[in-house]
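Student: Just dropping this structure here.
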Amino acid sequence: MYKLLVSDADGSLLNSNSAISDRTKEAVREVISRGVIFTIATGRMFSSILPYAEELKINAPVISYNGALIKDIYTKKVYYYNPIPSEDALFAIKLLKENGYHINLYIDDELYVEKITDRVEWYLSFNNNVKVNPVGDLIEFLEDTGNVTAKIYALNDLKNPISIDARVYDEISKKLTISSSGGGHLEINAKGVSKGNALKTLANMYNIKREQVVAIGDNLNDLSMIEYAGLGVAMGNAPDIVKIKASYTTLSNDEDGVAHVIDKFFLNRKTIAV
């Protein structure tokens, strides 16, 4: 019997309009009413995912920043936080800037950028409830403040994202955890941080066994939790590498794929085969 259900947000729980469909809301609320623990695991900031979590009235702490933070949406209690040390962040930022990447930093749940650009405006278009701080040169800013960042997000080109540079990826991965949320988007965290490790921590908090966990995701930064869960589910819109690693592939995020999983594996309702 599955006791814990965790879903990624963008491309999974959220449709292409960055909204939760009525059908998915109803399914999530019903599964919670039946005693299943439900939460969200996302690369987003805590403040960005908070409105969705509140809308669903989730009953467990949220996993945000790709697993760097586990925080309760009601009490705001932090159960886990593993930011990037400033010296490692400086190393990554220098390398990314040399290779033309736009960079976002996340400090105390606020967004820090060098300046407001089209890439920042694009990011803010679907990350609501976010405070942005343009601070000039990020290297100088971190050197002056000594701040740590929950995550580094990097994007090479907004209109035509290119494949991730292998050399950049290899160099950063020597010191930090690096993954992708699609296209030319890089998600960089402290060593050991992943959605999978955060999900394991959360499951242990509730004394829930691995085989009682269901995790749903659509991209490479979801692989660790898909592989950890007793039932790892890939969205229908996920790339093939995610589908290969998953135990089951559901419908796409625009076809209520999360609701489909709830119907099939929690509510025992007849549902369309995938």
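If you're wondering about the labels, chains in the structure tokens are A, B, ... by order shown, residues count from 1 in each chain, ligands from 1 in order shown.
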Could you go through region 6-242 of chain A and tell me which residues DSSP, when run on the backbone, assigns to strand (DSSP E), listing them as a count of residues only?
Tutor: 51
Student: Write out as a compact mmCIF listing (two decimals) with N, CA, C and O atoms, in the first residue's frame which residues come within 7 Å of region 203-219 of chain A when counting only C-alpha atoms, dropping same-chain ones fewer than 2 positions away.
Tutor:
# COMPACT_ATOMS: atom_id res chain seq x y z
N MET A 1 0.85 -1.20 0.00
CA MET A 1 0.00 0.00 0.00
C MET A 1 0.89 1.25 0.00
O MET A 1 1.79 1.38 0.83
N TYR A 2 0.64 2.14 -0.92
CA TYR A 2 1.41 3.37 -1.01
C TYR A 2 0.91 4.40 0.01
O TYR A 2 -0.29 4.62 0.16
N LYS A 3 1.86 5.03 0.71
CA LYS A 3 1.52 5.96 1.77
C LYS A 3 1.99 7.40 1.51
O LYS A 3 1.50 8.33 2.15
N LEU A 4 2.95 7.56 0.61
CA LEU A 4 3.53 8.88 0.34
C LEU A 4 3.58 9.11 -1.16
O LEU A 4 4.14 8.29 -1.90
N LEU A 5 3.00 10.20 -1.61
CA LEU A 5 2.99 10.59 -3.03
C LEU A 5 3.64 11.95 -3.18
O LEU A 5 3.23 12.92 -2.53
N VAL A 6 4.66 12.01 -4.02
CA VAL A 6 5.38 13.26 -4.25
C VAL A 6 5.42 13.54 -5.74
O VAL A 6 5.76 12.66 -6.54
N SER A 7 5.08 14.77 -6.11
CA SER A 7 5.08 15.15 -7.52
C SER A 7 5.97 16.35 -7.77
O SER A 7 6.00 17.30 -6.98
N ASP A 8 6.68 16.31 -8.87
CA ASP A 8 7.35 17.49 -9.41
C ASP A 8 6.27 18.51 -9.77
O ASP A 8 5.09 18.17 -9.92
N GLY A 11 5.79 20.87 -15.56
CA GLY A 11 5.82 19.74 -16.48
C GLY A 11 5.20 18.48 -15.91
O GLY A 11 5.10 17.47 -16.61
N SER A 12 4.74 18.55 -14.66
CA SER A 12 4.13 17.38 -14.02
C SER A 12 2.80 17.77 -13.38
O SER A 12 1.75 17.61 -13.99
N SER A 181 16.91 20.79 -16.05
CA SER A 181 15.45 20.77 -16.07
C SER A 181 14.95 20.94 -17.50
O SER A 181 13.83 21.36 -17.74
N GLY A 182 15.82 20.61 -18.47
CA GLY A 182 15.44 20.66 -19.87
C GLY A 182 16.22 21.68 -20.67
O GLY A 182 16.68 22.69 -20.14
N LEU A 199 13.69 13.30 -0.74
CA LEU A 199 12.53 12.41 -0.61
C LEU A 199 12.81 11.31 0.41
O LEU A 199 11.95 10.97 1.23
N LYS A 200 14.02 10.78 0.39
CA LYS A 200 14.41 9.77 1.39
C LYS A 200 14.33 10.34 2.79
O LYS A 200 13.81 9.70 3.72
N THR A 201 14.82 11.58 2.97
CA THR A 201 14.75 12.25 4.26
C THR A 201 13.31 12.43 4.72
O THR A 201 12.96 12.18 5.88
N ASN A 221 16.24 16.30 -13.56
CA ASN A 221 16.40 16.58 -12.14
C ASN A 221 15.39 15.82 -11.28
O ASN A 221 15.44 15.90 -10.05
N ASP A 222 14.49 15.07 -11.92
CA ASP A 222 13.55 14.22 -11.20
C ASP A 222 14.02 12.77 -11.12
O ASP A 222 13.43 11.96 -10.40
N LEU A 223 15.05 12.43 -11.85
CA LEU A 223 15.48 11.03 -11.93
C LEU A 223 15.81 10.42 -10.58
O LEU A 223 15.47 9.27 -10.30
N MET A 225 14.63 10.98 -7.61
CA MET A 225 13.48 10.59 -6.79
C MET A 225 12.65 9.50 -7.49
O MET A 225 12.04 8.66 -6.82
N ILE A 226 12.64 9.51 -8.81
CA ILE A 226 11.96 8.45 -9.55
C ILE A 226 12.64 7.11 -9.28
O ILE A 226 11.98 6.07 -9.11
N ALA A 229 11.97 5.98 -5.40
CA ALA A 229 10.62 5.57 -5.02
C ALA A 229 10.33 4.12 -5.34
O ALA A 229 10.88 3.54 -6.29
N GLY A 230 9.44 3.54 -4.55
CA GLY A 230 8.98 2.18 -4.85
C GLY A 230 8.29 2.13 -6.19
O GLY A 230 8.43 1.17 -6.95
N LEU A 231 7.55 3.19 -6.50
CA LEU A 231 6.94 3.36 -7.83
C LEU A 231 7.39 4.71 -8.37
O LEU A 231 6.91 5.76 -7.92
N GLY A 232 8.29 4.68 -9.32
CA GLY A 232 8.75 5.89 -9.97
C GLY A 232 8.00 6.10 -11.26
O GLY A 232 7.98 5.21 -12.12
N VAL A 233 7.38 7.26 -11.42
CA VAL A 233 6.50 7.53 -12.55
C VAL A 233 7.04 8.65 -13.41
O VAL A 233 7.39 9.73 -12.90
N ALA A 234 7.11 8.41 -14.72
CA ALA A 234 7.48 9.45 -15.68
C ALA A 234 6.23 10.04 -16.31
O ALA A 234 5.28 9.31 -16.61
N MET A 235 6.21 11.33 -16.49
CA MET A 235 5.11 11.97 -17.20
C MET A 235 5.18 11.60 -18.68
O MET A 235 6.25 11.31 -19.21
N ASN A 237 5.06 13.52 -21.08
CA ASN A 237 5.85 14.53 -21.78
C ASN A 237 7.33 14.49 -21.40
O ASN A 237 8.10 15.36 -21.80
N ALA A 238 7.73 13.49 -20.63
CA ALA A 238 9.13 13.36 -20.22
C ALA A 238 10.00 12.85 -21.37
O ALA A 238 9.51 12.14 -22.26
N PRO A 239 11.30 13.18 -21.36
CA PRO A 239 12.20 12.61 -22.36
C PRO A 239 12.37 11.11 -22.15
O PRO A 239 12.10 10.58 -21.06
N VAL A 242 14.08 9.50 -19.03
CA VAL A 242 13.30 9.47 -17.79
C VAL A 242 12.30 8.32 -17.84
O VAL A 242 12.12 7.58 -16.86
Student: If we count only C-alpha atoms, what is near region 84-95 of chain A at a cut-off of 9 Å, once residues fewer than 4 positions away on the same chain are taken out, given as a PyMOL selection string?
Tutor: chain A and resi 68+99+101+103+138-139+142-143+146-152+168+171-172+175-176+188-191
Student: Which one is closest to Leu155 (chain A): A:Asn197, A:Ser16, A:Asn104, A:Asn129? Count only C-alpha atoms.
Tutor: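 Comparing A:Asn197, A:Ser16, A:Asn104, A:Asn129 against Leu155 (chain A), the winner is A:Asn104.
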Student: Apply DSSP to the structure's backbone, then extract all residues of region 124-184 of chain A labelled helix (DSSP H, G or I) and return them as a ChimeraX atom specification.
Tutor: /A:124-126,138-145,166-173
Student: When you count only C-alpha atoms, which of these residues is closest to Glu114 (chain A): A:Leu220, A:Leu14, A:Val135, A:Leu96?
Tutor: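 Of the candidates, the smallest distance to Glu114 (chain A) is held by A:Val135.
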Student: CA of Asp263 (chain A) to CA of Ile244 (chain A): how many Å, to one decimal?
Tutor: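 The value is 22.4 Å.
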